[in-house]
Structure formats: structure tokens, C-alpha cells
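Okay, input_4.pdb now, which holds PDB, C-alpha atoms:
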ATOM      1  CA  MET R 196      70.664  39.232  -2.899  1.00  0.00           C
ATOM      2  CA  ALA R 197      70.093  35.545  -2.205  1.00  0.00           C
ATOM      3  CA  SER R 198      69.684  33.203  -5.146  1.00  0.00           C
ATOM      4  CA  LEU R 199      66.273  31.726  -5.915  1.00  0.00           C
ATOM      5  CA  SER R 200      67.428  28.388  -4.473  1.00  0.00           C
ATOM      6  CA  GLU R 201      68.542  30.069  -1.240  1.00  0.00           C
ATOM      7  CA  GLN R 202      65.213  31.908  -0.960  1.00  0.00           C
ATOM      8  CA  LEU R 203      63.059  28.822  -1.617  1.00  0.00           C
ATOM      9  CA  SER R 204      64.874  26.108   0.321  1.00  0.00           C
ATOM     10  CA  PRO R 205      63.961  27.272   3.869  1.00  0.00           C
ATOM     11  CA  LEU R 206      60.289  27.626   2.850  1.00  0.00           C
ATOM     12  CA  LEU R 207      59.947  24.001   1.692  1.00  0.00           C
ATOM     13  CA  LEU R 208      59.983  20.579   3.291  1.00  0.00           C
ATOM     14  CA  SER R 209      63.219  18.658   2.944  1.00  0.00           C
ATOM     15  CA  PRO R 210      62.910  15.674   0.573  1.00  0.00           C
ATOM     16  CA  GLU R 211      63.476  13.430   3.596  1.00  0.00           C
ATOM     17  CA  GLU R 212      60.619  15.088   5.555  1.00  0.00           C
ATOM     18  CA  ALA R 213      58.298  14.635   2.581  1.00  0.00           C
ATOM     19  CA  ALA R 214      59.312  11.005   2.043  1.00  0.00           C
ATOM     20  CA  ALA R 215      58.647  10.238   5.721  1.00  0.00           C
ATOM     21  CA  ARG R 216      55.027  11.452   5.466  1.00  0.00           C
ATOM     22  CA  ASP R 217      52.510   8.718   4.881  1.00  0.00           C
ATOM     23  CA  VAL R 218      49.810   9.455   2.346  1.00  0.00           C
ATOM     24  CA  ARG R 219      46.778   7.432   1.273  1.00  0.00           C
ATOM     25  CA  GLY R 220      47.400   5.709  -2.038  1.00  0.00           C
ATOM     26  CA  ARG R 221      48.773   2.333  -2.935  1.00  0.00           C
ATOM     27  CA  ILE R 222      50.963   3.485  -5.846  1.00  0.00           C
ATOM     28  CA  ASP R 223      53.836   5.881  -5.120  1.00  0.00           C
ATOM     29  CA  ALA R 224      54.464   8.552  -7.725  1.00  0.00           C
ATOM     30  CA  ALA R 225      56.576  11.712  -7.901  1.00  0.00           C
ATOM     31  CA  VAL R 226      56.280  14.978  -9.768  1.00  0.00           C
ATOM     32  CA  LEU R 227      58.765  17.732 -10.421  1.00  0.00           C
ATOM     33  CA  VAL R 228      57.650  21.315  -9.847  1.00  0.00           C
ATOM     34  CA  PRO R 229      60.143  23.206 -12.061  1.00  0.00           C
ATOM     35  CA  LEU R 230      60.432  26.893 -11.107  1.00  0.00           C
ATOM     36  CA  TYR R 231      62.291  29.802 -12.670  1.00  0.00           C
ATOM     37  CA  VAL R 232      62.218  33.599 -12.662  1.00  0.00           C
ATOM     38  CA  ALA R 233      61.400  35.527 -15.844  1.00  0.00           C
ATOM     39  CA  ASP R 234      60.506  39.212 -16.089  1.00  0.00           C
ATOM     40  CA  GLY R 235      60.793  39.453 -12.306  1.00  0.00           C
ATOM     41  CA  GLU R 236      58.081  36.811 -11.698  1.00  0.00           C
ATOM     42  CA  LEU R 237      58.288  33.251 -10.474  1.00  0.00           C
ATOM     43  CA  HIS R 238      57.008  30.761 -13.078  1.00  0.00           C
ATOM     44  CA  ALA R 239      56.219  27.048 -12.946  1.00  0.00           C
ATOM     45  CA  VAL R 240      56.305  24.495 -15.744  1.00  0.00           C
ATOM     46  CA  PHE R 241      53.254  22.287 -16.304  1.00  0.00           C
ATOM     47  CA  THR R 242      52.142  19.801 -18.937  1.00  0.00           C
ATOM     48  CA  ARG R 243      48.795  19.366 -20.628  1.00  0.00           C
ATOM     49  CA  ARG R 244      48.240  15.657 -20.982  1.00  0.00           C
ATOM     50  CA  ARG R 245      47.063  14.303 -24.319  1.00  0.00           C
ATOM     51  CA  HIS R 246      43.287  14.108 -24.743  1.00  0.00           C
ATOM     52  CA  ASP R 247      43.383  10.450 -25.817  1.00  0.00           C
ATOM     53  CA  LEU R 248      45.049   9.098 -22.666  1.00  0.00           C
ATOM     54  CA  ARG R 249      43.187   6.584 -20.546  1.00  0.00           C
ATOM     55  CA  ARG R 250      43.798   8.444 -17.268  1.00  0.00           C
ATOM     56  CA  HIS R 251      43.714  12.188 -16.589  1.00  0.00           C
ATOM     57  CA  ALA R 252      43.214  12.927 -20.297  1.00  0.00           C
ATOM     58  CA  GLY R 253      43.642  16.589 -21.207  1.00  0.00           C
ATOM     59  CA  GLU R 254      44.412  17.615 -17.631  1.00  0.00           C
ATOM     60  CA  ILE R 255      47.130  20.023 -16.569  1.00  0.00           C
ATOM     61  CA  SER R 256      49.752  18.494 -14.336  1.00  0.00           C
ATOM     62  CA  PHE R 257      53.363  18.744 -13.286  1.00  0.00           C
ATOM     63  CA  PRO R 258      55.747  16.401 -15.098  1.00  0.00           C
ATOM     64  CA  GLY R 259      55.979  13.130 -13.230  1.00  0.00           C
ATOM     65  CA  GLY R 260      54.827   9.577 -12.916  1.00  0.00           C
ATOM     66  CA  ARG R 261      54.827   6.445 -10.871  1.00  0.00           C
ATOM     67  CA  GLN R 262      57.827   4.930  -9.177  1.00  0.00           C
ATOM     68  CA  ASP R 263      58.881   2.043 -11.439  1.00  0.00           C
ATOM     69  CA  ILE R 264      61.426   0.491  -9.092  1.00  0.00           C
ATOM     70  CA  GLU R 265      60.323   0.256  -5.462  1.00  0.00           C
ATOM     71  CA  GLU R 266      63.778   1.146  -4.117  1.00  0.00           C
ATOM     72  CA  GLU R 267      64.180   4.139  -6.445  1.00  0.00           C
ATOM     73  CA  ASP R 268      64.498   7.464  -4.633  1.00  0.00           C
ATOM     74  CA  LEU R 269      61.350   9.433  -5.440  1.00  0.00           C
ATOM     75  CA  ARG R 270      63.508  12.452  -6.392  1.00  0.00           C
ATOM     76  CA  ASP R 271      65.035  10.291  -9.113  1.00  0.00           C
ATOM     77  CA  THR R 272      61.525   9.287 -10.239  1.00  0.00           C
ATOM     78  CA  ALA R 273      60.528  12.966 -10.585  1.00  0.00           C
ATOM     79  CA  LEU R 274      63.705  13.853 -12.495  1.00  0.00           C
ATOM     80  CA  ARG R 275      63.484  10.799 -14.781  1.00  0.00           C
ATOM     81  CA  GLU R 276      59.843  11.487 -15.611  1.00  0.00           C
ATOM     82  CA  ALA R 277      60.503  15.203 -16.294  1.00  0.00           C
ATOM     83  CA  GLU R 278      63.256  14.239 -18.705  1.00  0.00           C
ATOM     84  CA  GLU R 279      61.011  11.679 -20.441  1.00  0.00           C
ATOM     85  CA  GLU R 280      57.920  13.916 -20.587  1.00  0.00           C
ATOM     86  CA  ILE R 281      59.324  17.362 -21.416  1.00  0.00           C
ATOM     87  CA  GLY R 282      62.997  16.819 -22.246  1.00  0.00           C
ATOM     88  CA  LEU R 283      64.290  18.575 -19.108  1.00  0.00           C
ATOM     89  CA  PRO R 284      67.775  17.137 -18.457  1.00  0.00           C
ATOM     90  CA  LYS R 285      68.353  15.945 -14.889  1.00  0.00           C
ATOM     91  CA  ASP R 286      71.513  18.006 -14.625  1.00  0.00           C
ATOM     92  CA  ALA R 287      69.543  21.181 -15.482  1.00  0.00           C
ATOM     93  CA  VAL R 288      67.501  20.907 -12.257  1.00  0.00           C
ATOM     94  CA  GLU R 289      68.513  21.815  -8.722  1.00  0.00           C
ATOM     95  CA  ILE R 290      66.138  20.117  -6.276  1.00  0.00           C
ATOM     96  CA  VAL R 291      65.642  22.664  -3.480  1.00  0.00           C
ATOM     97  CA  GLY R 292      62.935  20.954  -1.428  1.00  0.00           C
ATOM     98  CA  ALA R 293      59.608  19.183  -1.424  1.00  0.00           C
ATOM     99  CA  LEU R 294      55.919  19.807  -0.850  1.00  0.00           C
ATOM    100  CA  THR R 295      53.333  17.894   1.144  1.00  0.00           C
ATOM    101  CA  PRO R 296      52.531  14.566  -0.529  1.00  0.00           C
ATOM    102  CA  THR R 297      48.959  14.322  -1.812  1.00  0.00           C
ATOM    103  CA  PRO R 298      46.695  11.434  -2.821  1.00  0.00           C
ATOM    104  CA  THR R 299      44.670  11.118  -6.000  1.00  0.00           C
ATOM    105  CA  VAL R 300      41.050  10.175  -5.498  1.00  0.00           C
ATOM    106  CA  MET R 301      40.189   8.113  -8.571  1.00  0.00           C
ATOM    107  CA  THR R 302      43.543   6.496  -9.427  1.00  0.00           C
ATOM    108  CA  ASN R 303      44.847   5.724  -5.896  1.00  0.00           C
ATOM    109  CA  TYR R 304      48.262   7.362  -6.287  1.00  0.00           C
ATOM    110  CA  ALA R 305      50.340   8.884  -3.495  1.00  0.00           C
ATOM    111  CA  ILE R 306      52.075  11.826  -5.208  1.00  0.00           C
ATOM    112  CA  TYR R 307      55.332  13.201  -3.797  1.00  0.00           C
ATOM    113  CA  PRO R 308      56.110  16.660  -5.276  1.00  0.00           C
ATOM    114  CA  PHE R 309      59.710  17.906  -5.468  1.00  0.00           C
ATOM    115  CA  VAL R 310      60.554  21.531  -6.226  1.00  0.00           C
ATOM    116  CA  GLY R 311      63.405  22.187  -8.634  1.00  0.00           C
ATOM    117  CA  VAL R 312      64.978  25.430  -9.803  1.00  0.00           C
ATOM    118  CA  ILE R 313      65.800  25.664 -13.508  1.00  0.00           C
ATOM    119  CA  GLU R 314      67.073  28.370 -15.822  1.00  0.00           C
ATOM    120  CA  PRO R 315      64.478  30.122 -18.000  1.00  0.00           C
ATOM    121  CA  GLY R 316      64.401  29.620 -21.754  1.00  0.00           C
ATOM    122  CA  HIS R 317      64.422  25.835 -22.089  1.00  0.00           C
ATOM    123  CA  ARG R 318      63.522  24.328 -25.419  1.00  0.00           C
ATOM    124  CA  TRP R 319      60.970  21.701 -24.463  1.00  0.00           C
ATOM    125  CA  LEU R 320      60.784  18.295 -26.112  1.00  0.00           C
ATOM    126  CA  PRO R 321      57.337  16.998 -25.146  1.00  0.00           C
ATOM    127  CA  SER R 322      56.786  13.249 -25.220  1.00  0.00           C
ATOM    128  CA  ALA R 323      54.509  12.573 -28.187  1.00  0.00           C
ATOM    129  CA  ALA R 324      52.970   9.645 -26.278  1.00  0.00           C
ATOM    130  CA  GLU R 325      51.907  11.614 -23.190  1.00  0.00           C
ATOM    131  CA  VAL R 326      52.178  15.397 -23.486  1.00  0.00           C
ATOM    132  CA  ALA R 327      50.046  17.621 -25.709  1.00  0.00           C
ATOM    133  CA  GLU R 328      51.729  20.851 -24.618  1.00  0.00           C
ATOM    134  CA  VAL R 329      54.235  22.308 -22.133  1.00  0.00           C
ATOM    135  CA  LEU R 330      52.901  25.349 -20.256  1.00  0.00           C
ATOM    136  CA  GLU R 331      54.946  27.989 -18.453  1.00  0.00           C
ATOM    137  CA  LEU R 332      52.642  29.888 -16.106  1.00  0.00           C
ATOM    138  CA  SER R 333      53.250  32.818 -13.770  1.00  0.00           C
ATOM    139  CA  LEU R 334      52.721  31.882 -10.121  1.00  0.00           C
ATOM    140  CA  PRO R 335      51.436  35.366  -9.169  1.00  0.00           C
ATOM    141  CA  ALA R 336      48.899  35.144 -12.018  1.00  0.00           C
ATOM    142  CA  LEU R 337      47.761  31.711 -10.832  1.00  0.00           C
ATOM    143  CA  ARG R 338      47.540  32.899  -7.215  1.00  0.00           C
ATOM    144  CA  ASP R 339      45.370  35.828  -8.287  1.00  0.00           C
ATOM    145  CA  ARG R 340      42.998  33.566 -10.228  1.00  0.00           C
ATOM    146  CA  HIS R 341      42.197  31.023  -7.522  1.00  0.00           C
ATOM    147  CA  GLU R 342      38.555  30.184  -6.830  1.00  0.00           C
ATOM    148  CA  ARG R 343      36.271  27.409  -5.632  1.00  0.00           C
ATOM    149  CA  LYS R 344      34.249  26.157  -8.543  1.00  0.00           C
ATOM    150  CA  ARG R 345      31.651  23.529  -9.335  1.00  0.00           C
ATOM    151  CA  LEU R 346      32.999  20.927 -11.765  1.00  0.00           C
ATOM    152  CA  VAL R 347      31.405  17.794 -13.174  1.00  0.00           C
ATOM    153  CA  ARG R 348      33.492  14.696 -13.826  1.00  0.00           C
ATOM    154  CA  ARG R 349      32.000  11.400 -14.976  1.00  0.00           C
ATOM    155  CA  GLY R 350      28.551  12.838 -14.310  1.00  0.00           C
ATOM    156  CA  VAL R 351      29.325  13.654 -10.675  1.00  0.00           C
ATOM    157  CA  PRO R 352      29.200  17.345  -9.621  1.00  0.00           C
ATOM    158  CA  PHE R 353      31.606  18.564  -6.933  1.00  0.00           C
ATOM    159  CA  ARG R 354      33.101  21.812  -5.600  1.00  0.00           C
ATOM    160  CA  THR R 355      36.862  22.142  -5.685  1.00  0.00           C
ATOM    161  CA  ASP R 356      39.721  24.614  -5.739  1.00  0.00           C
ATOM    162  CA  VAL R 357      40.762  25.669  -9.238  1.00  0.00           C
ATOM    163  CA  TYR R 358      43.400  27.973 -10.661  1.00  0.00           C
ATOM    164  CA  THR R 359      42.984  29.637 -14.042  1.00  0.00           C
ATOM    165  CA  ALA R 360      45.689  31.263 -16.144  1.00  0.00           C
ATOM    166  CA  ASP R 361      45.858  31.876 -19.863  1.00  0.00           C
ATOM    167  CA  GLY R 362      42.545  30.014 -20.211  1.00  0.00           C
ATOM    168  CA  GLU R 363      43.940  26.921 -18.490  1.00  0.00           C
ATOM    169  CA  VAL R 364      42.062  25.363 -15.561  1.00  0.00           C
ATOM    170  CA  ILE R 365      44.123  23.520 -12.968  1.00  0.00           C
ATOM    171  CA  TRP R 366      42.248  21.335 -10.489  1.00  0.00           C
ATOM    172  CA  GLY R 367      42.540  18.070  -8.532  1.00  0.00           C
ATOM    173  CA  ALA R 368      45.864  16.858  -7.172  1.00  0.00           C
ATOM    174  CA  THR R 369      47.753  19.457  -9.222  1.00  0.00           C
ATOM    175  CA  ALA R 370      45.667  22.244  -7.652  1.00  0.00           C
ATOM    176  CA  ARG R 371      46.346  20.825  -4.161  1.00  0.00           C
ATOM    177  CA  ILE R 372      50.081  20.765  -4.884  1.00  0.00           C
ATOM    178  CA  LEU R 373      49.880  24.300  -6.300  1.00  0.00           C
ATOM    179  CA  THR R 374      48.027  25.541  -3.183  1.00  0.00           C
ATOM    180  CA  ASP R 375      50.777  24.137  -0.941  1.00  0.00           C
ATOM    181  CA  LEU R 376      53.457  25.689  -3.166  1.00  0.00           C
ATOM    182  CA  LEU R 377      51.809  29.130  -3.245  1.00  0.00           C
ATOM    183  CA  GLU R 378      51.357  29.166   0.533  1.00  0.00           C
ATOM    184  CA  ARG R 379      54.982  28.181   1.132  1.00  0.00           C
ATOM    185  CA  VAL R 380      56.593  30.549  -1.387  1.00  0.00           C
ATOM    186  CA  ALA R 381      54.343  33.532  -0.592  1.00  0.00           C
ATOM    187  CA  PRO R 382      57.305  35.552   0.812  1.00  0.00           C
ATOM    188  CA  VAL R 383      59.136  35.177  -2.521  1.00  0.00           C
ATOM    189  CA  LEU R 384      56.028  36.204  -4.521  1.00  0.00           C
ATOM    190  CA  ALA R 385      55.386  39.362  -2.468  1.00  0.00           C
TER
END

Structure translated into C-alpha cells:
Amino acid sequence: MASLSEQLSPLLLSPEEAAARDVRGRIDAAVLVPLYVADGELHAVFTRRRHDLRRHAGEISFPGGRQDIEEEDLRDTALREAEEEIGLPKDAVEIVGALTPTPTVMTNYAIYPFVGVIEPGHRWLPSAAEVAEVLELSLPALRDRHERKRLVRRGVPFRTDVYTADGEVIWGATARILTDLLERVAPVLA
């Protein structure tokens, strides 16, 4: 049987294809979408941001952040940020592809998501400054709990795609990235 990396790689964009796509947003950022198999199911690693942060407080996201050095490869940005935010060593991740870049509406970021395969059972070291909690969620469970929902943010109501698992609600750019991921890896989830 093919390894997880061999199964996922042909379903994803290459990092070069993703980097070549132009996306609205004046600040480039990258996230890592860490995946692993446990109990026969594909899981992804997310963070819950601290509630006292100025931007995206309390939201669920993939580990990542903005590109600090303009020439830095966005894959390196994603790996560096994952190590800083959740203590995932760069050498513990095999980047197997990328997802469609997505913009953020309020903060004007262009987010480039990179998919990495990791081993299960990591001991997470969340950044006390940014991360309230590290979440490991089953992708089939998230897929099965997708809906369009009315949310209110800053007094403005809107309808959006959300995913719910273990009481966690994922929406916004993270939900858009998750939708792309679930569509691409559907053959592996079947």
C-alpha cells in the first residue's frame, strides 16, 4: 500500500503552482496543514488562538503567519511558524503539496497553505503568546459536520461555510482552506 505522502501528493497543487497563483491581499502569509493518520482516520492539526489577541482572537486556524523576509520561501514561513506556534520541528514535517491560496477579508492577507505529513503522537509546545490550545481533529468528522451558517462578527451578520467538530467552529479563511483540502483528499477519506 502507498504511503500517506504518496497518496496525497498527486491530489494537491505543487508548492510552485500555488506560489504562482496571485491572490488578493497585500501581506503574504503561509500556513502549515499538518496531517497524520490515527485509528485509520486522517487528522489535521489546528490551533485555537488566544482570546486576548488583537486579530482573530479565539479563532481556530492552522499554524502559520506572515512572511517576515520578502525573499523567504513561503514553505519556510509555514514551517518556521509551525515550530514557533506549536513546537513542531521542521525536520518532523514532509511537505507533500499545497492548496489554493486564499485571501482574508478584514486583515488583507494572502494565505498560502502547505500540506505536510507528520507522525501521530507529537507532544505539542504551544506558544504562550499566541496559542491557547492545539487541536487534533478528524477530517472525516469535520467533513460530516459542514454547514452554511449565519454568523455575526463586529455587529455584521453574514452566511458562511462552517465546520464543527468536538464543539469547535471553524470558519473564515481556515474553513475555505479546509474545504479545498477536503475536496482534494476525498479519495483518501473514502

(request) Would you list the contacts of segment 207-218 of chain R as an MDAnalysis selection string, taking every protein, DNA or RNA residue within 10 Å and counting all atoms listed in the file, but skipping same-chain residues closer than 5 positions in sequence? (result) chainID R and resid 202 223 268:270 290:299 304:310 375:376 379:380

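Restricting the calculation to only C-alpha atoms, the smallest distance between Ala224 of chain R and any of R:Asp286, R:Glu276, R:Glu342, R:Glu236 is found for R:Glu276.
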
(request) May I ask which of the residues R:Val329, R:His238, R:Leu320, R:Leu334 is the closest one to Ile255 of chain R, counting only C-alpha atoms? (result) R:Val329

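Between atom CA of Glu280 of chain R and atom CA of Ser204 of chain R the separation is 25.2 Å.
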
(request) Pick out the residues sitting within 9 Å of Leu330 of chain R, and hand them over as number ranges by chain; count only C-alpha atoms, and ignore anything fewer than 6 positions along from it in its own chain. (result) R: 239-243, 255

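Distance-wise, atom CA of Gly362 of chain R and atom CA of Gly260 of chain R end up 24.9 Å apart.
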
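Nearest-residue note for Glu279 of chain R: choosing from R:Gly235, R:Pro205, R:Glu254, R:Ala324, the minimum distance belongs to R:Ala324, counting only C-alpha atoms.
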
(request) Between R:Met301, R:Ile222, R:Leu283, R:Val288, single out the one closest to Ser322 of chain R, counting all atoms listed in the file. (result) R:Leu283

(message) Between atom CA of Ser256 of chain R and atom CA of Arg221 of chain R, what is the distance in Å, rounded to a tenth?
(response) 19.8 Å

Run the PyMOL selection byres ((chain R and resi 339) around 12) on the file and write out the hits as an mmCIF file with C-alpha atoms, in the frame of the given file.
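Heads up, here's the output in selection.cif:
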data_model
loop_
_atom_site.group_PDB
_atom_site.id
_atom_site.type_symbol
_atom_site.label_atom_id
_atom_site.label_comp_id
_atom_site.auth_asym_id
_atom_site.auth_seq_id
_atom_site.Cartn_x
_atom_site.Cartn_y
_atom_site.Cartn_z
ATOM 1 C CA SER R 333 53.250 32.818 -13.770
ATOM 2 C CA LEU R 334 52.721 31.882 -10.121
ATOM 3 C CA PRO R 335 51.436 35.366 -9.169
ATOM 4 C CA ALA R 336 48.899 35.144 -12.018
ATOM 5 C CA LEU R 337 47.761 31.711 -10.832
ATOM 6 C CA ARG R 338 47.540 32.899 -7.215
ATOM 7 C CA ARG R 340 42.998 33.566 -10.228
ATOM 8 C CA HIS R 341 42.197 31.023 -7.522
ATOM 9 C CA GLU R 342 38.555 30.184 -6.830
ATOM 10 C CA VAL R 357 40.762 25.669 -9.238
ATOM 11 C CA TYR R 358 43.400 27.973 -10.661
ATOM 12 C CA THR R 359 42.984 29.637 -14.042
ATOM 13 C CA ALA R 360 45.689 31.263 -16.144
ATOM 14 C CA THR R 374 48.027 25.541 -3.183
ATOM 15 C CA LEU R 377 51.809 29.130 -3.245
ATOM 16 C CA LEU R 384 56.028 36.204 -4.521
#

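Distances from R:Ala327, R:Leu227, R:Leu332, R:Lys344 to Ile313 of chain R were compared using only C-alpha atoms, and the smallest one belongs to R:Leu227.
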
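Applied to the shown file, the PyMOL selection byres ((chain R and resi 367) around 8) selects the residues R:Thr299, R:Thr355, R:Asp356, R:Val357, R:Ile365, R:Trp366, R:Ala368, R:Thr369, R:Ala370, R:Arg371.
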
When the PyMOL selection byres ((chain R and resi 319) around 7) is applied to the file above, which residues end up in the set, as a PDB file with C-alpha atoms, keeping the file's coordinate frame?
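Output file expr_37.pdb is given in full below:
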ATOM      1  CA  ILE R 281      59.324  17.362 -21.416  1.00  0.00           C
ATOM      2  CA  GLY R 282      62.997  16.819 -22.246  1.00  0.00           C
ATOM      3  CA  HIS R 317      64.422  25.835 -22.089  1.00  0.00           C
ATOM      4  CA  ARG R 318      63.522  24.328 -25.419  1.00  0.00           C
ATOM      5  CA  LEU R 320      60.784  18.295 -26.112  1.00  0.00           C
ATOM      6  CA  PRO R 321      57.337  16.998 -25.146  1.00  0.00           C
TER       7      PRO R 321
END

Where's the centre, and what are the edge lengths in Å to one decimal, of a box along x, y and z enclosing all listed atoms of segment 285-294 of chain R padded 5 Å per side, as lines of an AutoDock Vina configuration file?
center_x = 63.7
center_y = 19.3
center_z = -8.2
size_x = 25.6
size_y = 16.7
size_z = 24.6
